[in-house]
file model-v9.pdb (PDB, C-alpha atoms)
MODEL        1
ATOM      1  CA  MET A 869     -52.932 -97.396  -9.496  1.00  0.00           C
ATOM      2  CA  ALA A 870     -52.704 -97.809 -13.275  1.00  0.00           C
ATOM      3  CA  LYS A 871     -55.222 -96.116 -15.487  1.00  0.00           C
ATOM      4  CA  ASN A 872     -57.987 -98.303 -16.908  1.00  0.00           C
ATOM      5  CA  HIS A 873     -56.592 -98.148 -20.421  1.00  0.00           C
ATOM      6  CA  ASP A 874     -53.225 -99.538 -19.299  1.00  0.00           C
ATOM      7  CA  ILE A 875     -54.829-102.929 -18.754  1.00  0.00           C
ATOM      8  CA  LEU A 876     -56.249-102.826 -22.228  1.00  0.00           C
ATOM      9  CA  ASN A 877     -52.893-102.180 -23.877  1.00  0.00           C
ATOM     10  CA  ASP A 878     -50.811-104.605 -21.891  1.00  0.00           C
ATOM     11  CA  ARG A 879     -53.439-107.228 -20.970  1.00  0.00           C
ATOM     12  CA  GLN A 880     -52.434-106.945 -17.341  1.00  0.00           C
ATOM     13  CA  GLU A 881     -54.559-106.616 -14.250  1.00  0.00           C
ATOM     14  CA  ILE A 882     -55.034-103.365 -12.401  1.00  0.00           C
ATOM     15  CA  ARG A 883     -55.782-103.070  -8.711  1.00  0.00           C
ATOM     16  CA  LEU A 884     -58.768-100.930  -7.902  1.00  0.00           C
ATOM     17  CA  ASN A 885     -58.242-100.672  -4.165  1.00  0.00           C
ATOM     18  CA  GLU A 886     -56.477-102.193  -1.191  1.00  0.00           C
ATOM     19  CA  ASP A 887     -59.225-104.809  -0.789  1.00  0.00           C
ATOM     20  CA  GLY A 888     -57.863-106.590  -3.845  1.00  0.00           C
ATOM     21  CA  LEU A 889     -60.556-105.683  -6.350  1.00  0.00           C
ATOM     22  CA  GLN A 890     -59.240-105.790  -9.885  1.00  0.00           C
ATOM     23  CA  ILE A 891     -60.247-105.480 -13.506  1.00  0.00           C
ATOM     24  CA  ARG A 892     -58.349-107.846 -15.760  1.00  0.00           C
ATOM     25  CA  TYR A 893     -58.594-109.759 -18.983  1.00  0.00           C
ATOM     26  CA  ALA A 894     -60.512-113.005 -18.730  1.00  0.00           C
ATOM     27  CA  THR A 895     -58.612-116.203 -19.384  1.00  0.00           C
ATOM     28  CA  VAL A 896     -59.806-119.617 -20.519  1.00  0.00           C
ATOM     29  CA  LYS A 897     -59.290-120.789 -16.911  1.00  0.00           C
ATOM     30  CA  ASP A 898     -62.054-118.342 -15.865  1.00  0.00           C
ATOM     31  CA  ILE A 899     -64.768-119.863 -18.065  1.00  0.00           C
ATOM     32  CA  ALA A 900     -66.490-122.000 -15.382  1.00  0.00           C
ATOM     33  CA  ASP A 901     -66.622-119.019 -13.002  1.00  0.00           C
ATOM     34  CA  ILE A 902     -67.908-116.754 -15.783  1.00  0.00           C
ATOM     35  CA  GLN A 903     -70.593-119.290 -16.691  1.00  0.00           C
ATOM     36  CA  ASN A 904     -71.701-119.430 -13.055  1.00  0.00           C
ATOM     37  CA  LEU A 905     -71.880-115.630 -12.864  1.00  0.00           C
ATOM     38  CA  LEU A 906     -73.853-115.444 -16.111  1.00  0.00           C
ATOM     39  CA  ARG A 907     -76.273-118.155 -14.960  1.00  0.00           C
ATOM     40  CA  ILE A 908     -76.983-116.361 -11.669  1.00  0.00           C
ATOM     41  CA  THR A 909     -77.245-112.945 -13.284  1.00  0.00           C
ATOM     42  CA  TRP A 910     -79.420-114.116 -16.158  1.00  0.00           C
ATOM     43  CA  HIS A 911     -81.894-115.852 -13.868  1.00  0.00           C
ATOM     44  CA  HIS A 912     -82.031-112.816 -11.593  1.00  0.00           C
ATOM     45  CA  THR A 913     -82.552-110.413 -14.488  1.00  0.00           C
ATOM     46  CA  TYR A 914     -84.618-112.365 -16.994  1.00  0.00           C
ATOM     47  CA  ASP A 915     -86.701-115.050 -15.238  1.00  0.00           C
ATOM     48  CA  ASN A 916     -89.565-112.567 -14.733  1.00  0.00           C
ATOM     49  CA  ILE A 917     -89.190-111.187 -18.273  1.00  0.00           C
ATOM     50  CA  LEU A 918     -88.594-114.287 -20.395  1.00  0.00           C
ATOM     51  CA  GLY A 919     -89.383-117.140 -18.040  1.00  0.00           C
ATOM     52  CA  PRO A 920     -86.872-119.571 -16.498  1.00  0.00           C
ATOM     53  CA  GLU A 921     -87.118-122.120 -19.346  1.00  0.00           C
ATOM     54  CA  LYS A 922     -86.258-119.521 -22.008  1.00  0.00           C
ATOM     55  CA  VAL A 923     -83.402-118.209 -19.848  1.00  0.00           C
ATOM     56  CA  ILE A 924     -81.943-121.714 -19.612  1.00  0.00           C
ATOM     57  CA  ALA A 925     -82.276-122.287 -23.370  1.00  0.00           C
ATOM     58  CA  ILE A 926     -80.692-118.965 -24.335  1.00  0.00           C
ATOM     59  CA  SER A 927     -77.968-119.300 -21.731  1.00  0.00           C
ATOM     60  CA  LYS A 928     -76.946-122.756 -23.007  1.00  0.00           C
ATOM     61  CA  LEU A 929     -76.242-121.232 -26.413  1.00  0.00           C
ATOM     62  CA  TRP A 930     -74.898-117.800 -25.499  1.00  0.00           C
ATOM     63  CA  HIS A 931     -72.806-118.907 -22.531  1.00  0.00           C
ATOM     64  CA  SER A 932     -71.382-122.164 -23.830  1.00  0.00           C
ATOM     65  CA  HIS A 933     -67.740-122.974 -23.101  1.00  0.00           C
ATOM     66  CA  GLU A 934     -66.895-122.782 -26.809  1.00  0.00           C
ATOM     67  CA  ARG A 935     -68.515-119.372 -27.314  1.00  0.00           C
ATOM     68  CA  LEU A 936     -66.888-117.893 -24.204  1.00  0.00           C
ATOM     69  CA  GLU A 937     -63.496-119.293 -25.175  1.00  0.00           C
ATOM     70  CA  ASN A 938     -63.840-117.732 -28.614  1.00  0.00           C
ATOM     71  CA  ASP A 939     -64.672-114.336 -27.106  1.00  0.00           C
ATOM     72  CA  ILE A 940     -61.848-114.539 -24.567  1.00  0.00           C
ATOM     73  CA  THR A 941     -59.166-115.569 -27.065  1.00  0.00           C
ATOM     74  CA  SER A 942     -60.187-113.442 -30.045  1.00  0.00           C
ATOM     75  CA  PRO A 943     -57.705-110.671 -30.902  1.00  0.00           C
ATOM     76  CA  ASP A 944     -60.703-108.540 -31.931  1.00  0.00           C
ATOM     77  CA  CYS A 945     -62.194-108.623 -28.416  1.00  0.00           C
ATOM     78  CA  HIS A 946     -61.547-107.161 -25.022  1.00  0.00           C
ATOM     79  CA  PHE A 947     -63.192-109.535 -22.495  1.00  0.00           C
ATOM     80  CA  LEU A 948     -62.787-108.144 -18.999  1.00  0.00           C
ATOM     81  CA  VAL A 949     -63.713-109.503 -15.598  1.00  0.00           C
ATOM     82  CA  MET A 950     -63.823-107.829 -12.219  1.00  0.00           C
ATOM     83  CA  ASN A 951     -62.942-109.921  -9.218  1.00  0.00           C
ATOM     84  CA  ASP A 952     -61.971-109.794  -5.592  1.00  0.00           C
ATOM     85  CA  LYS A 953     -59.945-112.379  -3.695  1.00  0.00           C
ATOM     86  CA  THR A 954     -62.739-114.954  -3.842  1.00  0.00           C
ATOM     87  CA  GLU A 955     -64.779-114.591  -7.028  1.00  0.00           C
ATOM     88  CA  ILE A 956     -65.371-113.065 -10.431  1.00  0.00           C
ATOM     89  CA  PHE A 957     -68.438-110.893  -9.983  1.00  0.00           C
ATOM     90  CA  ALA A 958     -68.674-108.813 -13.162  1.00  0.00           C
ATOM     91  CA  THR A 959     -67.916-109.116 -16.880  1.00  0.00           C
ATOM     92  CA  VAL A 960     -67.991-107.052 -20.056  1.00  0.00           C
ATOM     93  CA  TYR A 961     -66.621-107.480 -23.538  1.00  0.00           C
ATOM     94  CA  VAL A 962     -66.365-105.570 -26.778  1.00  0.00           C
ATOM     95  CA  ARG A 963     -65.785-106.884 -30.277  1.00  0.00           C
ATOM     96  CA  TYR A 964     -64.282-104.646 -32.933  1.00  0.00           C
ATOM     97  CA  GLN A 965     -65.930-104.590 -36.366  1.00  0.00           C
ATOM     98  CA  GLY A 966     -64.113-102.033 -38.510  1.00  0.00           C
ATOM     99  CA  ASN A 967     -64.396 -98.697 -36.718  1.00  0.00           C
ATOM    100  CA  ASP A 968     -67.443 -99.824 -34.776  1.00  0.00           C
ATOM    101  CA  VAL A 969     -67.472-101.680 -31.501  1.00  0.00           C
ATOM    102  CA  ILE A 970     -70.129-104.117 -30.279  1.00  0.00           C
ATOM    103  CA  LEU A 971     -70.546-104.262 -26.499  1.00  0.00           C
ATOM    104  CA  GLY A 972     -71.831-107.408 -24.824  1.00  0.00           C
ATOM    105  CA  ARG A 973     -71.839-109.543 -21.701  1.00  0.00           C
ATOM    106  CA  MET A 974     -72.141-106.549 -19.378  1.00  0.00           C
ATOM    107  CA  TYR A 975     -73.121-108.357 -16.182  1.00  0.00           C
ATOM    108  CA  VAL A 976     -72.659-107.691 -12.485  1.00  0.00           C
ATOM    109  CA  HIS A 977     -73.626-110.260  -9.847  1.00  0.00           C
ATOM    110  CA  PRO A 978     -76.991-109.266  -8.315  1.00  0.00           C
ATOM    111  CA  ASN A 979     -75.436-108.966  -4.832  1.00  0.00           C
ATOM    112  CA  ARG A 980     -72.867-106.469  -6.176  1.00  0.00           C
ATOM    113  CA  GLN A 981     -75.132-104.298  -8.310  1.00  0.00           C
ATOM    114  CA  GLY A 982     -75.535-100.634  -7.419  1.00  0.00           C
ATOM    115  CA  LYS A 983     -72.009-100.319  -6.001  1.00  0.00           C
ATOM    116  CA  GLY A 984     -70.251 -98.763  -9.001  1.00  0.00           C
ATOM    117  CA  TYR A 985     -68.631-101.911 -10.370  1.00  0.00           C
ATOM    118  CA  GLY A 986     -70.493-101.787 -13.675  1.00  0.00           C
ATOM    119  CA  SER A 987     -69.476 -98.150 -14.075  1.00  0.00           C
ATOM    120  CA  GLU A 988     -65.819 -99.087 -13.527  1.00  0.00           C
ATOM    121  CA  LEU A 989     -66.038-101.734 -16.231  1.00  0.00           C
ATOM    122  CA  MET A 990     -67.817 -99.375 -18.613  1.00  0.00           C
ATOM    123  CA  GLN A 991     -65.098 -96.741 -18.116  1.00  0.00           C
ATOM    124  CA  ALA A 992     -62.434 -99.368 -18.867  1.00  0.00           C
ATOM    125  CA  ILE A 993     -64.204-100.333 -22.089  1.00  0.00           C
ATOM    126  CA  ILE A 994     -64.703 -96.723 -23.161  1.00  0.00           C
ATOM    127  CA  SER A 995     -60.974 -96.150 -22.610  1.00  0.00           C
ATOM    128  CA  ALA A 996     -60.178 -99.199 -24.742  1.00  0.00           C
ATOM    129  CA  VAL A 997     -62.357 -97.955 -27.562  1.00  0.00           C
ATOM    130  CA  GLN A 998     -60.792 -94.500 -27.386  1.00  0.00           C
ATOM    131  CA  LEU A 999     -57.351 -96.050 -27.742  1.00  0.00           C
ATOM    132  CA  ARG A1000     -58.462 -97.985 -30.812  1.00  0.00           C
ATOM    133  CA  HIS A1001     -60.113 -94.822 -32.215  1.00  0.00           C
ATOM    134  CA  GLY A1002     -63.516 -96.450 -32.383  1.00  0.00           C
ATOM    135  CA  GLN A1003     -66.221 -94.227 -33.743  1.00  0.00           C
ATOM    136  CA  ARG A1004     -69.115 -95.676 -31.812  1.00  0.00           C
ATOM    137  CA  ILE A1005     -70.130 -98.432 -29.436  1.00  0.00           C
ATOM    138  CA  SER A1006     -73.373-100.295 -30.043  1.00  0.00           C
ATOM    139  CA  LEU A1007     -75.285-102.879 -28.044  1.00  0.00           C
ATOM    140  CA  THR A1008     -78.634-104.579 -27.867  1.00  0.00           C
ATOM    141  CA  VAL A1009     -80.791-104.764 -24.769  1.00  0.00           C
ATOM    142  CA  GLU A1010     -84.099-106.391 -23.877  1.00  0.00           C
ATOM    143  CA  PRO A1011     -86.694-103.574 -23.867  1.00  0.00           C
ATOM    144  CA  ARG A1012     -88.172-104.706 -20.536  1.00  0.00           C
ATOM    145  CA  ASN A1013     -84.755-104.513 -18.852  1.00  0.00           C
ATOM    146  CA  GLN A1014     -85.255-100.917 -17.780  1.00  0.00           C
ATOM    147  CA  SER A1015     -82.432-100.832 -15.222  1.00  0.00           C
ATOM    148  CA  SER A1016     -79.889-101.748 -17.928  1.00  0.00           C
ATOM    149  CA  ILE A1017     -81.334 -99.182 -20.326  1.00  0.00           C
ATOM    150  CA  ARG A1018     -80.984 -96.460 -17.665  1.00  0.00           C
ATOM    151  CA  PHE A1019     -77.426 -97.608 -16.925  1.00  0.00           C
ATOM    152  CA  TYR A1020     -76.396 -97.366 -20.581  1.00  0.00           C
ATOM    153  CA  GLU A1021     -78.081 -93.980 -20.948  1.00  0.00           C
ATOM    154  CA  LYS A1022     -75.876 -92.665 -18.099  1.00  0.00           C
ATOM    155  CA  PHE A1023     -72.893 -93.372 -20.367  1.00  0.00           C
ATOM    156  CA  GLY A1024     -74.320 -91.570 -23.386  1.00  0.00           C
ATOM    157  CA  PHE A1025     -76.008 -94.483 -25.160  1.00  0.00           C
ATOM    158  CA  LYS A1026     -79.169 -93.633 -27.062  1.00  0.00           C
ATOM    159  CA  ILE A1027     -81.846 -95.939 -28.449  1.00  0.00           C
ATOM    160  CA  ILE A1028     -81.710 -95.788 -32.241  1.00  0.00           C
ATOM    161  CA  GLY A1029     -84.068 -98.599 -33.192  1.00  0.00           C
ATOM    162  CA  THR A1030     -85.047-102.194 -32.714  1.00  0.00           C
ATOM    163  CA  GLY A1031     -83.599-105.416 -34.010  1.00  0.00           C
ATOM    164  CA  SER A1032     -83.452-109.078 -33.293  1.00  0.00           C
ATOM    165  CA  CYS A1033     -80.748-111.406 -32.181  1.00  0.00           C
ATOM    166  CA  SER A1034     -80.398-113.985 -34.929  1.00  0.00           C
ATOM    167  CA  GLU A1035     -77.916-116.063 -32.911  1.00  0.00           C
ATOM    168  CA  VAL A1036     -80.588-117.927 -30.969  1.00  0.00           C
ATOM    169  CA  PRO A1037     -84.307-118.549 -31.362  1.00  0.00           C
ATOM    170  CA  TYR A1038     -86.032-115.725 -29.532  1.00  0.00           C
ATOM    171  CA  ASP A1039     -89.759-115.106 -29.608  1.00  0.00           C
ATOM    172  CA  GLY A1040     -89.799-112.096 -27.293  1.00  0.00           C
ATOM    173  CA  ASP A1041     -89.974-108.429 -28.140  1.00  0.00           C
ATOM    174  CA  PRO A1042     -87.414-107.095 -30.602  1.00  0.00           C
ATOM    175  CA  THR A1043     -84.292-105.987 -28.798  1.00  0.00           C
ATOM    176  CA  LEU A1044     -83.440-102.313 -28.560  1.00  0.00           C
ATOM    177  CA  ILE A1045     -80.331-101.127 -30.364  1.00  0.00           C
ATOM    178  CA  MET A1046     -78.415 -98.519 -28.387  1.00  0.00           C
ATOM    179  CA  VAL A1047     -75.425 -96.537 -29.663  1.00  0.00           C
ATOM    180  CA  ARG A1048     -72.837 -94.249 -28.099  1.00  0.00           C
ATOM    181  CA  GLU A1049     -71.378 -92.046 -30.824  1.00  0.00           C
ATOM    182  CA  SER A1050     -67.941 -90.426 -31.002  1.00  0.00           C
ATOM    183  CA  VAL A1051     -66.315 -92.171 -28.076  1.00  0.00           C
ATOM    184  CA  SER A1052     -63.012 -90.401 -28.827  1.00  0.00           C
ATOM    185  CA  GLU A1053     -64.442 -87.113 -27.563  1.00  0.00           C
TER     186      GLU A1053
ENDMDL
END
call {"tool": "encode", "arguments": {"input": "model-v9.pdb", "output": "structure tokens"}}
result
Amino acid sequence: MAKNHDILNDRQEIRLNEDGLQIRYATVKDIADIQNLLRITWHHTYDNILGPEKVIAISKLWHSHERLENDITSPDCHFLVMNDKTEIFATVYVRYQGNDVILGRMYVHPNRQGKGYGSELMQAIISAVQLRHGQRISLTVEPRNQSSIRFYEKFGFKIIGTGSCSEVPYDGDPTLIMVRESVSE
């Protein structure tokens, strides 16, 4: 089995086990499957927090074909998916901005959560950032999404403040800004 960072250098898939699970770079051909995963995951996670109508509105903007294609094809991004023989069931991406890295789209299908898949993806991203000598990884998270906050804290992320996402109209609570410093250590 290749190490996680090998995929990030060579943009090749890596097998995780004999069942055919793999982490690989997303391709434009994956966009419809990624959109489906994001729709399911967003409704599962945010319907009770934001309401289904707001989830649909945000998702139309954040998960549009054009936006996903831009993230997948950008040389300043690592957009990874995890899949088995039948479906993509997890995603994550990072965008480089100078020495800093912005993490986003960290989603695992609700039926696959709690099985270590998100941790595998996070380790792959941390390895990628270490290779690029990133100084820190930052992200934003909805403050009522406590399970995600706990997940990020397991990987050394700390809440450093609040902000807002100016990309879409959002009248909820300010998002939390979380940072993981010195990823090269």
call {"tool": "residues_around", "arguments": {"input": "model-v9.pdb", "residues": "segment 1009-1013 of chain A", "least_positions_apart": "3", "cutoff": "6 Å", "atoms": "only C-alpha atoms", "output": "PDB file with C-alpha atoms, in the coordinates of the input"}}
result
ATOM      1  CA  SER A1016     -79.889-101.748 -17.928  1.00  0.00           C
ATOM      2  CA  THR A1043     -84.292-105.987 -28.798  1.00  0.00           C
ATOM      3  CA  LEU A1044     -83.440-102.313 -28.560  1.00  0.00           C
TER       4      LEU A1044
END
call {"tool": "closest_residue", "arguments": {"input": "model-v9.pdb", "among": "A:His946, A:Lys1022, A:Arg963, A:Lys983", "to": "Ser1006 of chain A", "atoms": "only C-alpha atoms"}}
result
A:Arg963
call {"tool": "atom_distance", "arguments": {"input": "model-v9.pdb", "atom1": "atom CA of Thr913 of chain A", "atom2": "atom CA of Ser987 of chain A"}}
result
17.9 Å
call {"tool": "residues_around", "arguments": {"input": "model-v9.pdb", "residues": "segment 926-935 of chain A", "least_positions_apart": "3", "cutoff": "8 Å", "atoms": "all atoms listed in the file", "output": "list in words"}}
result
Ile899, Ala900, Gln903, Leu906, Arg907, Trp910, Lys922, Val923, Asn938, Asp939, Val1036 and Pro1037 of chain A
call {"tool": "write_last_selection", "arguments": {"input": "model-v9.pdb", "atoms": "C-alpha atoms", "output": "PDB file, in the frame of the given file"}}
result
ATOM      1  CA  ILE A 899     -64.768-119.863 -18.065  1.00  0.00           C
ATOM      2  CA  ALA A 900     -66.490-122.000 -15.382  1.00  0.00           C
ATOM      3  CA  GLN A 903     -70.593-119.290 -16.691  1.00  0.00           C
ATOM      4  CA  LEU A 906     -73.853-115.444 -16.111  1.00  0.00           C
ATOM      5  CA  ARG A 907     -76.273-118.155 -14.960  1.00  0.00           C
ATOM      6  CA  TRP A 910     -79.420-114.116 -16.158  1.00  0.00           C
ATOM      7  CA  LYS A 922     -86.258-119.521 -22.008  1.00  0.00           C
ATOM      8  CA  VAL A 923     -83.402-118.209 -19.848  1.00  0.00           C
ATOM      9  CA  ASN A 938     -63.840-117.732 -28.614  1.00  0.00           C
ATOM     10  CA  ASP A 939     -64.672-114.336 -27.106  1.00  0.00           C
ATOM     11  CA  VAL A1036     -80.588-117.927 -30.969  1.00  0.00           C
ATOM     12  CA  PRO A1037     -84.307-118.549 -31.362  1.00  0.00           C
TER      13      PRO A1037
END
call {"tool": "resolve_selection", "arguments": {"input": "model-v9.pdb", "expression": "the PyMOL selection byres ((chain A and resi 950) around 7)", "output": "list in words"}}
result
Gln890, Ile891, Arg892, Leu948, Val949, Asn951, Ile956, Phe957, Ala958 and Thr959 of chain A
call {"tool": "write_last_selection", "arguments": {"input": "model-v9.pdb", "atoms": "C-alpha atoms", "output": "CSV table (one decimal), in the coordinates of the input"}}
result
chain,number,residue,atom,x,y,z
A,890,GLN,CA,-59.2,-105.8,-9.9
A,891,ILE,CA,-60.2,-105.5,-13.5
A,892,ARG,CA,-58.3,-107.8,-15.8
A,948,LEU,CA,-62.8,-108.1,-19.0
A,949,VAL,CA,-63.7,-109.5,-15.6
A,951,ASN,CA,-62.9,-109.9,-9.2
A,956,ILE,CA,-65.4,-113.1,-10.4
A,957,PHE,CA,-68.4,-110.9,-10.0
A,958,ALA,CA,-68.7,-108.8,-13.2
A,959,THR,CA,-67.9,-109.1,-16.9
call {"tool": "atom_distance", "arguments": {"input": "model-v9.pdb", "atom1": "atom CA of Thr954 of chain A", "atom2": "atom CA of Gly986 of chain A"}}
result
18.2 Å
call {"tool": "residues_around", "arguments": {"input": "model-v9.pdb", "residues": "Gly1029 of chain A", "least_positions_apart": "6", "cutoff": "10 Å", "atoms": "all atoms listed in the file", "output": "MDAnalysis selection string"}}
result
chainID A and resid 1008 1042:1047
call {"tool": "resolve_selection", "arguments": {"input": "model-v9.pdb", "expression": "the PyMOL selection byres ((chain A and resi 972) around 7)", "output": "PyMOL selection string"}}
result
chain A and resi 960-962+970-971+973-974+1007
call {"tool": "atom_distance", "arguments": {"input": "model-v9.pdb", "atom1": "atom CA of Ile994 of chain A", "atom2": "atom CA of Tyr975 of chain A"}}
result
16.0 Å
call {"tool": "closest_residue", "arguments": {"input": "model-v9.pdb", "among": "A:Tyr893, A:Asp944, A:Glu1021, A:Ser1015", "to": "Gly982 of chain A", "atoms": "all atoms listed in the file"}}
result
A:Ser1015
call {"tool": "closest_residue", "arguments": {"input": "model-v9.pdb", "among": "A:Gln1014, A:Gln1003, A:Cys945, A:Thr1030", "to": "Arg1048 of chain A", "atoms": "only C-alpha atoms"}}
result
A:Gln1003
call {"tool": "closest_residue", "arguments": {"input": "model-v9.pdb", "among": "A:Glu1049, A:Asp915, A:Glu937, A:Glu988", "to": "Asp898 of chain A", "atoms": "all atoms listed in the file"}}
result
A:Glu937
call {"tool": "closest_residue", "arguments": {"input": "model-v9.pdb", "among": "A:Gly919, A:Gly1024, A:Thr941, A:His912", "to": "Gln981 of chain A", "atoms": "only C-alpha atoms"}}
result
A:His912
call {"tool": "decode", "arguments": {"input": "model-v9.pdb", "residues": "segment 905-920 of chain A", "atoms": "N, CA and C atoms", "output": "mmCIF file, in the first residue's frame"}}
result
data_model
loop_
_atom_site.group_PDB
_atom_site.id
_atom_site.type_symbol
_atom_site.label_atom_id
_atom_site.label_comp_id
_atom_site.auth_asym_id
_atom_site.auth_seq_id
_atom_site.Cartn_x
_atom_site.Cartn_y
_atom_site.Cartn_z
ATOM 1 N N LEU A 905 -23.566 13.156 -3.230
ATOM 2 C CA LEU A 905 -23.048 12.967 -1.870
ATOM 3 C C LEU A 905 -23.238 14.228 -1.037
ATOM 4 N N LEU A 906 -22.901 15.385 -1.592
ATOM 5 C CA LEU A 906 -23.020 16.630 -0.844
ATOM 6 C C LEU A 906 -24.479 16.937 -0.513
ATOM 7 N N ARG A 907 -25.383 16.668 -1.440
ATOM 8 C CA ARG A 907 -26.808 16.899 -1.181
ATOM 9 C C ARG A 907 -27.280 16.045 -0.013
ATOM 10 N N ILE A 908 -26.974 14.759 -0.044
ATOM 11 C CA ILE A 908 -27.391 13.842 1.026
ATOM 12 C C ILE A 908 -26.773 14.253 2.356
ATOM 13 N N THR A 909 -25.485 14.527 2.337
ATOM 14 C CA THR A 909 -24.776 14.854 3.573
ATOM 15 C C THR A 909 -25.243 16.188 4.142
ATOM 16 N N TRP A 910 -25.440 17.170 3.272
ATOM 17 C CA TRP A 910 -25.890 18.472 3.752
ATOM 18 C C TRP A 910 -27.283 18.388 4.366
ATOM 19 N N HIS A 911 -28.189 17.675 3.732
ATOM 20 C CA HIS A 911 -29.525 17.556 4.322
ATOM 21 C C HIS A 911 -29.453 16.820 5.659
ATOM 22 N N HIS A 912 -28.670 15.776 5.723
ATOM 23 C CA HIS A 912 -28.546 15.018 6.970
ATOM 24 C C HIS A 912 -27.969 15.887 8.086
ATOM 25 N N THR A 913 -26.972 16.682 7.758
ATOM 26 C CA THR A 913 -26.265 17.466 8.768
ATOM 27 C C THR A 913 -26.977 18.768 9.114
ATOM 28 N N TYR A 914 -27.518 19.453 8.122
ATOM 29 C CA TYR A 914 -27.942 20.836 8.334
ATOM 30 C C TYR A 914 -29.441 21.102 8.294
ATOM 31 N N ASP A 915 -30.274 20.152 7.898
ATOM 32 C CA ASP A 915 -31.717 20.423 7.871
ATOM 33 C C ASP A 915 -32.224 20.876 9.242
ATOM 34 N N ASN A 916 -31.785 20.231 10.313
ATOM 35 C CA ASN A 916 -32.247 20.588 11.655
ATOM 36 C C ASN A 916 -31.595 21.860 12.181
ATOM 37 N N ILE A 917 -30.479 22.265 11.575
ATOM 38 C CA ILE A 917 -29.772 23.472 12.025
ATOM 39 C C ILE A 917 -30.233 24.693 11.242
ATOM 40 N N LEU A 918 -30.250 24.575 9.917
ATOM 41 C CA LEU A 918 -30.543 25.713 9.050
ATOM 42 C C LEU A 918 -31.928 25.675 8.438
ATOM 43 N N GLY A 919 -32.511 24.498 8.378
ATOM 44 C CA GLY A 919 -33.783 24.310 7.696
ATOM 45 C C GLY A 919 -33.553 23.845 6.267
ATOM 46 N N PRO A 920 -34.427 22.966 5.766
ATOM 47 C CA PRO A 920 -34.235 22.386 4.427
ATOM 48 C C PRO A 920 -34.167 23.422 3.301
#
